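Asks: Once you've had a glance at the structure underneath, I'll fire off some questions.
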Amino acid sequence: MRLTAHTDYALRILLHAAMDPEQLLSIAQVAQAHAISRNHAMKVVNVLGNAGLLETVRGRGGGFRLGRAAGDITLGEVVRLTEPHLQPADCGNCLLQAACGLTGLLRQAVGAFLAELDRHTLADAAAGTRLPFMLTPRA
């Protein structure tokens, strides 16, 4: 199963915010750091902000930061929010749809995938993350 770029960007942006939860980040800052277009980063931040995962601050000097503690955000929650279709196959257009032995198995596999992600928080992921630009000492 491959996650969409939207989910990938959401996870990267949340990890970045989790590295320093009180710091107000800008769209330009995270877009440049993660090689994401500003437009994509803006869309992702908007989705995460509307869901309460990020707190957004409008106006000059505005930006965003985590909306909740990293330990309260599960990876499963983020994936469910950002993935439009959590189906590994297009069962809806299949001739065998009504009597297929794979449908239930695939549904169980997706359930197991999400259950595993639900066991882990953004704080867990952040604990093992080192952003390359944060490793170099600031002048």
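All residue names refer to the structure tokens as shown: chains lettered A, B, ... in order, residues numbered from 1 in each chain, ligands numbered from 1 in order.
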Which residues come within 12 Å of Ala115 (chain A), counting only C-alpha atoms, excluding same-chain residues fewer than 2 positions away, as a ChimeraX atom specification?
Replies: /A:74-77,79-80,108-113,117-121
Asks: For those residues, write N, CA, C and O atoms to a file as a PDB file, in the first residue's frame.
Replies:
```pdb
ATOM      1  N   THR A  74      -2.200  10.427  16.871  1.00  0.00           N
ATOM      2  CA  THR A  74      -1.752   9.126  16.370  1.00  0.00           C
ATOM      3  C   THR A  74      -1.490   9.211  14.869  1.00  0.00           C
ATOM      4  O   THR A  74      -2.109  10.006  14.156  1.00  0.00           O
ATOM      5  N   LEU A  75      -0.575   8.383  14.413  1.00  0.00           N
ATOM      6  CA  LEU A  75      -0.264   8.343  12.989  1.00  0.00           C
ATOM      7  C   LEU A  75      -1.471   7.840  12.201  1.00  0.00           C
ATOM      8  O   LEU A  75      -1.723   8.283  11.088  1.00  0.00           O
ATOM      9  N   GLY A  76      -2.240   6.934  12.809  1.00  0.00           N
ATOM     10  CA  GLY A  76      -3.459   6.448  12.165  1.00  0.00           C
ATOM     11  C   GLY A  76      -4.455   7.569  11.926  1.00  0.00           C
ATOM     12  O   GLY A  76      -5.117   7.620  10.887  1.00  0.00           O
ATOM     13  N   GLU A  77      -4.574   8.466  12.875  1.00  0.00           N
ATOM     14  CA  GLU A  77      -5.476   9.612  12.735  1.00  0.00           C
ATOM     15  C   GLU A  77      -5.070  10.469  11.538  1.00  0.00           C
ATOM     16  O   GLU A  77      -5.921  10.911  10.756  1.00  0.00           O
ATOM     17  N   VAL A  79      -3.290   9.535   8.873  1.00  0.00           N
ATOM     18  CA  VAL A  79      -3.506   8.799   7.625  1.00  0.00           C
ATOM     19  C   VAL A  79      -4.987   8.775   7.260  1.00  0.00           C
ATOM     20  O   VAL A  79      -5.353   9.009   6.106  1.00  0.00           O
ATOM     21  N   ARG A  80      -5.860   8.536   8.221  1.00  0.00           N
ATOM     22  CA  ARG A  80      -7.300   8.544   7.936  1.00  0.00           C
ATOM     23  C   ARG A  80      -7.763   9.915   7.439  1.00  0.00           C
ATOM     24  O   ARG A  80      -8.631  10.005   6.578  1.00  0.00           O
ATOM     25  N   GLN A 108      -9.277  -6.600   6.058  1.00  0.00           N
ATOM     26  CA  GLN A 108      -8.555  -6.945   7.288  1.00  0.00           C
ATOM     27  C   GLN A 108      -7.130  -6.401   7.262  1.00  0.00           C
ATOM     28  O   GLN A 108      -6.614  -5.931   8.280  1.00  0.00           O
ATOM     29  N   ALA A 109      -6.487  -6.472   6.103  1.00  0.00           N
ATOM     30  CA  ALA A 109      -5.114  -5.982   5.981  1.00  0.00           C
ATOM     31  C   ALA A 109      -5.059  -4.463   6.219  1.00  0.00           C
ATOM     32  O   ALA A 109      -4.186  -3.972   6.939  1.00  0.00           O
ATOM     33  N   VAL A 110      -6.001  -3.735   5.640  1.00  0.00           N
ATOM     34  CA  VAL A 110      -6.046  -2.287   5.849  1.00  0.00           C
ATOM     35  C   VAL A 110      -6.334  -1.997   7.324  1.00  0.00           C
ATOM     36  O   VAL A 110      -5.726  -1.103   7.919  1.00  0.00           O
ATOM     37  N   GLY A 111      -7.233  -2.773   7.926  1.00  0.00           N
ATOM     38  CA  GLY A 111      -7.535  -2.612   9.351  1.00  0.00           C
ATOM     39  C   GLY A 111      -6.302  -2.836  10.217  1.00  0.00           C
ATOM     40  O   GLY A 111      -6.060  -2.101  11.177  1.00  0.00           O
ATOM     41  N   ALA A 112      -5.515  -3.855   9.886  1.00  0.00           N
ATOM     42  CA  ALA A 112      -4.294  -4.143  10.644  1.00  0.00           C
ATOM     43  C   ALA A 112      -3.266  -3.020  10.464  1.00  0.00           C
ATOM     44  O   ALA A 112      -2.592  -2.628  11.425  1.00  0.00           O
ATOM     45  N   PHE A 113      -3.155  -2.504   9.255  1.00  0.00           N
ATOM     46  CA  PHE A 113      -2.255  -1.387   8.958  1.00  0.00           C
ATOM     47  C   PHE A 113      -2.617  -0.174   9.807  1.00  0.00           C
ATOM     48  O   PHE A 113      -1.768   0.414  10.485  1.00  0.00           O
ATOM     49  N   LEU A 117      -0.704   1.777  13.048  1.00  0.00           N
ATOM     50  CA  LEU A 117      -0.442   3.212  13.079  1.00  0.00           C
ATOM     51  C   LEU A 117      -1.123   3.885  14.271  1.00  0.00           C
ATOM     52  O   LEU A 117      -0.608   4.865  14.803  1.00  0.00           O
ATOM     53  N   ASP A 118      -2.256   3.350  14.692  1.00  0.00           N
ATOM     54  CA  ASP A 118      -2.951   3.888  15.871  1.00  0.00           C
ATOM     55  C   ASP A 118      -2.159   3.648  17.154  1.00  0.00           C
ATOM     56  O   ASP A 118      -2.354   4.343  18.142  1.00  0.00           O
ATOM     57  N   ARG A 119      -1.287   2.688  17.145  1.00  0.00           N
ATOM     58  CA  ARG A 119      -0.472   2.377  18.325  1.00  0.00           C
ATOM     59  C   ARG A 119       0.678   3.367  18.501  1.00  0.00           C
ATOM     60  O   ARG A 119       1.328   3.384  19.550  1.00  0.00           O
ATOM     61  N   HIS A 120       0.950   4.166  17.486  1.00  0.00           N
ATOM     62  CA  HIS A 120       2.103   5.063  17.505  1.00  0.00           C
ATOM     63  C   HIS A 120       1.660   6.514  17.347  1.00  0.00           C
ATOM     64  O   HIS A 120       0.775   6.830  16.555  1.00  0.00           O
ATOM     65  N   THR A 121       2.316   7.376  18.092  1.00  0.00           N
ATOM     66  CA  THR A 121       1.978   8.796  18.059  1.00  0.00           C
ATOM     67  C   THR A 121       3.028   9.590  17.288  1.00  0.00           C
ATOM     68  O   THR A 121       4.118   9.084  16.984  1.00  0.00           O
TER      69      THR A 121
END
```
Asks: Identify, on the basis of only C-alpha atoms, every residue whose closest approach to Leu54 (chain A) does not exceed 8 Å; exclude the query and any residue fewer than 2 positions from it along the same chain; express the result as a PyMOL selection string.
Replies: chain A and resi 14+45+48-52+56+64-68
Asks: Kindly save the residues from that selection, with all heavy atoms included, as an mmCIF file, in the first residue's frame.
Replies:
```cif
data_model
loop_
_atom_site.group_PDB
_atom_site.id
_atom_site.type_symbol
_atom_site.label_atom_id
_atom_site.label_comp_id
_atom_site.auth_asym_id
_atom_site.auth_seq_id
_atom_site.Cartn_x
_atom_site.Cartn_y
_atom_site.Cartn_z
ATOM 1 N N LEU A 14 3.958 17.708 10.118
ATOM 2 C CA LEU A 14 3.686 17.462 11.529
ATOM 3 C C LEU A 14 4.965 17.099 12.291
ATOM 4 O O LEU A 14 5.181 17.563 13.418
ATOM 5 C CB LEU A 14 2.631 16.367 11.695
ATOM 6 C CG LEU A 14 1.204 16.781 11.361
ATOM 7 C CD1 LEU A 14 0.300 15.555 11.278
ATOM 8 C CD2 LEU A 14 0.676 17.779 12.386
ATOM 9 N N VAL A 45 -1.296 22.261 5.280
ATOM 10 C CA VAL A 45 -1.424 22.991 6.546
ATOM 11 C C VAL A 45 -2.885 23.372 6.781
ATOM 12 O O VAL A 45 -3.384 23.286 7.912
ATOM 13 C CB VAL A 45 -0.492 24.221 6.579
ATOM 14 C CG1 VAL A 45 -0.834 25.151 7.727
ATOM 15 C CG2 VAL A 45 0.965 23.765 6.669
ATOM 16 N N LEU A 48 -4.707 20.196 7.957
ATOM 17 C CA LEU A 48 -4.289 19.861 9.323
ATOM 18 C C LEU A 48 -4.795 20.895 10.331
ATOM 19 O O LEU A 48 -5.159 20.548 11.455
ATOM 20 C CB LEU A 48 -2.762 19.741 9.393
ATOM 21 C CG LEU A 48 -2.143 18.621 8.555
ATOM 22 C CD1 LEU A 48 -0.619 18.722 8.565
ATOM 23 C CD2 LEU A 48 -2.602 17.254 9.032
ATOM 24 N N GLY A 49 -4.836 22.146 9.927
ATOM 25 C CA GLY A 49 -5.353 23.197 10.791
ATOM 26 C C GLY A 49 -6.854 23.042 11.029
ATOM 27 O O GLY A 49 -7.334 23.167 12.160
ATOM 28 N N ASN A 50 -7.606 22.758 9.960
ATOM 29 C CA ASN A 50 -9.053 22.562 10.095
ATOM 30 C C ASN A 50 -9.383 21.372 10.989
ATOM 31 O O ASN A 50 -10.422 21.367 11.648
ATOM 32 C CB ASN A 50 -9.704 22.384 8.726
ATOM 33 C CG ASN A 50 -9.766 23.672 7.941
ATOM 34 O OD1 ASN A 50 -9.710 24.765 8.503
ATOM 35 N ND2 ASN A 50 -9.861 23.566 6.622
ATOM 36 N N ALA A 51 -8.508 20.394 11.021
ATOM 37 C CA ALA A 51 -8.711 19.210 11.859
ATOM 38 C C ALA A 51 -8.217 19.420 13.292
ATOM 39 O O ALA A 51 -8.380 18.545 14.140
ATOM 40 C CB ALA A 51 -8.004 18.006 11.241
ATOM 41 N N GLY A 52 -7.576 20.558 13.560
ATOM 42 C CA GLY A 52 -7.076 20.844 14.897
ATOM 43 C C GLY A 52 -5.721 20.241 15.206
ATOM 44 O O GLY A 52 -5.234 20.356 16.328
ATOM 45 N N THR A 56 -3.095 27.513 13.550
ATOM 46 C CA THR A 56 -2.616 28.488 12.581
ATOM 47 C C THR A 56 -2.821 29.896 13.128
ATOM 48 O O THR A 56 -3.809 30.179 13.797
ATOM 49 C CB THR A 56 -3.343 28.337 11.226
ATOM 50 O OG1 THR A 56 -4.749 28.481 11.423
ATOM 51 C CG2 THR A 56 -3.050 26.985 10.595
ATOM 52 N N PHE A 64 2.264 28.570 11.811
ATOM 53 C CA PHE A 64 1.552 27.455 12.418
ATOM 54 C C PHE A 64 2.461 26.696 13.373
ATOM 55 O O PHE A 64 3.685 26.782 13.302
ATOM 56 C CB PHE A 64 0.990 26.510 11.344
ATOM 57 C CG PHE A 64 2.053 25.819 10.531
ATOM 58 C CD1 PHE A 64 2.578 24.598 10.915
ATOM 59 C CD2 PHE A 64 2.538 26.411 9.375
ATOM 60 C CE1 PHE A 64 3.561 23.975 10.168
ATOM 61 C CE2 PHE A 64 3.527 25.796 8.620
ATOM 62 C CZ PHE A 64 4.028 24.574 9.015
ATOM 63 N N ARG A 65 1.836 25.959 14.283
ATOM 64 C CA ARG A 65 2.531 25.064 15.217
ATOM 65 C C ARG A 65 1.550 23.950 15.551
ATOM 66 O O ARG A 65 0.395 23.989 15.137
ATOM 67 C CB ARG A 65 2.995 25.822 16.448
ATOM 68 C CG ARG A 65 1.888 26.376 17.298
ATOM 69 C CD ARG A 65 2.450 27.064 18.559
ATOM 70 N NE ARG A 65 1.649 28.194 18.943
ATOM 71 C CZ ARG A 65 1.975 29.484 18.775
ATOM 72 N NH1 ARG A 65 3.099 29.819 18.243
ATOM 73 N NH2 ARG A 65 1.182 30.443 19.166
ATOM 74 N N LEU A 66 2.019 22.986 16.314
ATOM 75 C CA LEU A 66 1.130 21.885 16.681
ATOM 76 C C LEU A 66 -0.104 22.415 17.412
ATOM 77 O O LEU A 66 -0.005 23.305 18.252
ATOM 78 C CB LEU A 66 1.845 20.882 17.590
ATOM 79 C CG LEU A 66 2.828 19.924 16.936
ATOM 80 C CD1 LEU A 66 3.366 18.943 17.963
ATOM 81 C CD2 LEU A 66 2.198 19.173 15.774
ATOM 82 N N GLY A 67 -1.241 21.850 17.074
ATOM 83 C CA GLY A 67 -2.494 22.241 17.716
ATOM 84 C C GLY A 67 -2.795 21.406 18.944
ATOM 85 O O GLY A 67 -3.605 21.789 19.781
ATOM 86 N N ARG A 68 -2.145 20.257 19.024
ATOM 87 C CA ARG A 68 -2.275 19.356 20.181
ATOM 88 C C ARG A 68 -0.896 18.800 20.483
ATOM 89 O O ARG A 68 0.010 18.869 19.656
ATOM 90 C CB ARG A 68 -3.221 18.190 19.859
ATOM 91 C CG ARG A 68 -4.619 18.623 19.540
ATOM 92 C CD ARG A 68 -5.649 17.497 19.447
ATOM 93 N NE ARG A 68 -5.183 16.174 19.205
ATOM 94 C CZ ARG A 68 -5.665 15.368 18.249
ATOM 95 N NH1 ARG A 68 -6.598 15.800 17.430
ATOM 96 N NH2 ARG A 68 -5.217 14.148 18.109
#
```
Asks: What are the DSSP strand (DSSP E or B) residues of chain A, as an MDAnalysis selection string?
Replies: chainID A and resid 25 54:57 63:66 74 121
Asks: Let's have the selection written as a PDB file, in the first residue's frame, with all heavy atoms.
Replies:
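Just written: part06.pdb:
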```pdb
ATOM      1  N   LEU A  25       6.047  28.169  12.824  1.00  0.00           N
ATOM      2  CA  LEU A  25       6.693  27.877  11.543  1.00  0.00           C
ATOM      3  C   LEU A  25       5.954  28.581  10.417  1.00  0.00           C
ATOM      4  O   LEU A  25       4.756  28.820  10.511  1.00  0.00           O
ATOM      5  CB  LEU A  25       6.675  26.369  11.279  1.00  0.00           C
ATOM      6  CG  LEU A  25       7.368  25.487  12.308  1.00  0.00           C
ATOM      7  CD1 LEU A  25       7.039  24.027  12.071  1.00  0.00           C
ATOM      8  CD2 LEU A  25       8.870  25.721  12.254  1.00  0.00           C
ATOM      9  N   LEU A  54      -2.970  21.214  13.723  1.00  0.00           N
ATOM     10  CA  LEU A  54      -2.095  22.388  13.735  1.00  0.00           C
ATOM     11  C   LEU A  54      -2.909  23.590  14.193  1.00  0.00           C
ATOM     12  O   LEU A  54      -4.105  23.683  13.917  1.00  0.00           O
ATOM     13  CB  LEU A  54      -1.532  22.681  12.346  1.00  0.00           C
ATOM     14  CG  LEU A  54      -0.518  21.706  11.767  1.00  0.00           C
ATOM     15  CD1 LEU A  54      -0.125  22.123  10.349  1.00  0.00           C
ATOM     16  CD2 LEU A  54       0.716  21.594  12.643  1.00  0.00           C
ATOM     17  N   GLU A  55      -2.234  24.487  14.863  1.00  0.00           N
ATOM     18  CA  GLU A  55      -2.810  25.781  15.216  1.00  0.00           C
ATOM     19  C   GLU A  55      -2.235  26.776  14.224  1.00  0.00           C
ATOM     20  O   GLU A  55      -1.014  26.852  14.058  1.00  0.00           O
ATOM     21  CB  GLU A  55      -2.418  26.167  16.638  1.00  0.00           C
ATOM     22  CG  GLU A  55      -2.813  27.565  17.023  1.00  0.00           C
ATOM     23  CD  GLU A  55      -2.163  28.029  18.312  1.00  0.00           C
ATOM     24  OE1 GLU A  55      -1.507  27.218  18.999  1.00  0.00           O
ATOM     25  OE2 GLU A  55      -2.290  29.227  18.620  1.00  0.00           O
ATOM     26  N   THR A  56      -3.095  27.513  13.550  1.00  0.00           N
ATOM     27  CA  THR A  56      -2.616  28.488  12.581  1.00  0.00           C
ATOM     28  C   THR A  56      -2.821  29.896  13.128  1.00  0.00           C
ATOM     29  O   THR A  56      -3.809  30.179  13.797  1.00  0.00           O
ATOM     30  CB  THR A  56      -3.343  28.337  11.226  1.00  0.00           C
ATOM     31  OG1 THR A  56      -4.749  28.481  11.423  1.00  0.00           O
ATOM     32  CG2 THR A  56      -3.050  26.985  10.595  1.00  0.00           C
ATOM     33  N   VAL A  57      -1.843  30.748  12.849  1.00  0.00           N
ATOM     34  CA  VAL A  57      -1.872  32.140  13.293  1.00  0.00           C
ATOM     35  C   VAL A  57      -1.826  33.002  12.043  1.00  0.00           C
ATOM     36  O   VAL A  57      -0.874  32.916  11.260  1.00  0.00           O
ATOM     37  CB  VAL A  57      -0.677  32.455  14.221  1.00  0.00           C
ATOM     38  CG1 VAL A  57      -0.690  33.910  14.638  1.00  0.00           C
ATOM     39  CG2 VAL A  57      -0.679  31.531  15.425  1.00  0.00           C
ATOM     40  N   GLY A  63       1.888  32.051  11.193  1.00  0.00           N
ATOM     41  CA  GLY A  63       2.441  30.753  10.829  1.00  0.00           C
ATOM     42  C   GLY A  63       1.615  29.656  11.447  1.00  0.00           C
ATOM     43  O   GLY A  63       0.403  29.798  11.633  1.00  0.00           O
ATOM     44  N   PHE A  64       2.264  28.570  11.811  1.00  0.00           N
ATOM     45  CA  PHE A  64       1.552  27.455  12.418  1.00  0.00           C
ATOM     46  C   PHE A  64       2.461  26.696  13.373  1.00  0.00           C
ATOM     47  O   PHE A  64       3.685  26.782  13.302  1.00  0.00           O
ATOM     48  CB  PHE A  64       0.990  26.510  11.344  1.00  0.00           C
ATOM     49  CG  PHE A  64       2.053  25.819  10.531  1.00  0.00           C
ATOM     50  CD1 PHE A  64       2.578  24.598  10.915  1.00  0.00           C
ATOM     51  CD2 PHE A  64       2.538  26.411   9.375  1.00  0.00           C
ATOM     52  CE1 PHE A  64       3.561  23.975  10.168  1.00  0.00           C
ATOM     53  CE2 PHE A  64       3.527  25.796   8.620  1.00  0.00           C
ATOM     54  CZ  PHE A  64       4.028  24.574   9.015  1.00  0.00           C
ATOM     55  N   ARG A  65       1.836  25.959  14.283  1.00  0.00           N
ATOM     56  CA  ARG A  65       2.531  25.064  15.217  1.00  0.00           C
ATOM     57  C   ARG A  65       1.550  23.950  15.551  1.00  0.00           C
ATOM     58  O   ARG A  65       0.395  23.989  15.137  1.00  0.00           O
ATOM     59  CB  ARG A  65       2.995  25.822  16.448  1.00  0.00           C
ATOM     60  CG  ARG A  65       1.888  26.376  17.298  1.00  0.00           C
ATOM     61  CD  ARG A  65       2.450  27.064  18.559  1.00  0.00           C
ATOM     62  NE  ARG A  65       1.649  28.194  18.943  1.00  0.00           N
ATOM     63  CZ  ARG A  65       1.975  29.484  18.775  1.00  0.00           C
ATOM     64  NH1 ARG A  65       3.099  29.819  18.243  1.00  0.00           N
ATOM     65  NH2 ARG A  65       1.182  30.443  19.166  1.00  0.00           N
ATOM     66  N   LEU A  66       2.019  22.986  16.314  1.00  0.00           N
ATOM     67  CA  LEU A  66       1.130  21.885  16.681  1.00  0.00           C
ATOM     68  C   LEU A  66      -0.104  22.415  17.412  1.00  0.00           C
ATOM     69  O   LEU A  66      -0.005  23.305  18.252  1.00  0.00           O
ATOM     70  CB  LEU A  66       1.845  20.882  17.590  1.00  0.00           C
ATOM     71  CG  LEU A  66       2.828  19.924  16.936  1.00  0.00           C
ATOM     72  CD1 LEU A  66       3.366  18.943  17.963  1.00  0.00           C
ATOM     73  CD2 LEU A  66       2.198  19.173  15.774  1.00  0.00           C
ATOM     74  N   THR A  74      -2.200  10.427  16.871  1.00  0.00           N
ATOM     75  CA  THR A  74      -1.752   9.126  16.370  1.00  0.00           C
ATOM     76  C   THR A  74      -1.490   9.211  14.869  1.00  0.00           C
ATOM     77  O   THR A  74      -2.109  10.006  14.156  1.00  0.00           O
ATOM     78  CB  THR A  74      -2.774   7.998  16.631  1.00  0.00           C
ATOM     79  OG1 THR A  74      -3.935   8.204  15.819  1.00  0.00           O
ATOM     80  CG2 THR A  74      -3.133   7.908  18.105  1.00  0.00           C
ATOM     81  N   THR A 121       2.316   7.376  18.092  1.00  0.00           N
ATOM     82  CA  THR A 121       1.978   8.796  18.059  1.00  0.00           C
ATOM     83  C   THR A 121       3.028   9.590  17.288  1.00  0.00           C
ATOM     84  O   THR A 121       4.118   9.084  16.984  1.00  0.00           O
ATOM     85  CB  THR A 121       1.888   9.376  19.484  1.00  0.00           C
ATOM     86  OG1 THR A 121       3.190   9.356  20.076  1.00  0.00           O
ATOM     87  CG2 THR A 121       0.885   8.616  20.340  1.00  0.00           C
TER      88      THR A 121
END
```
Asks: Quick one: DSSP helix (DSSP H, G or I) residues in region 10-120 of chain A, as number ranges by chain?
Replies: A: 10-19, 27-33, 38-50, 70-72, 75-82, 91-93, 97-99, 102-118
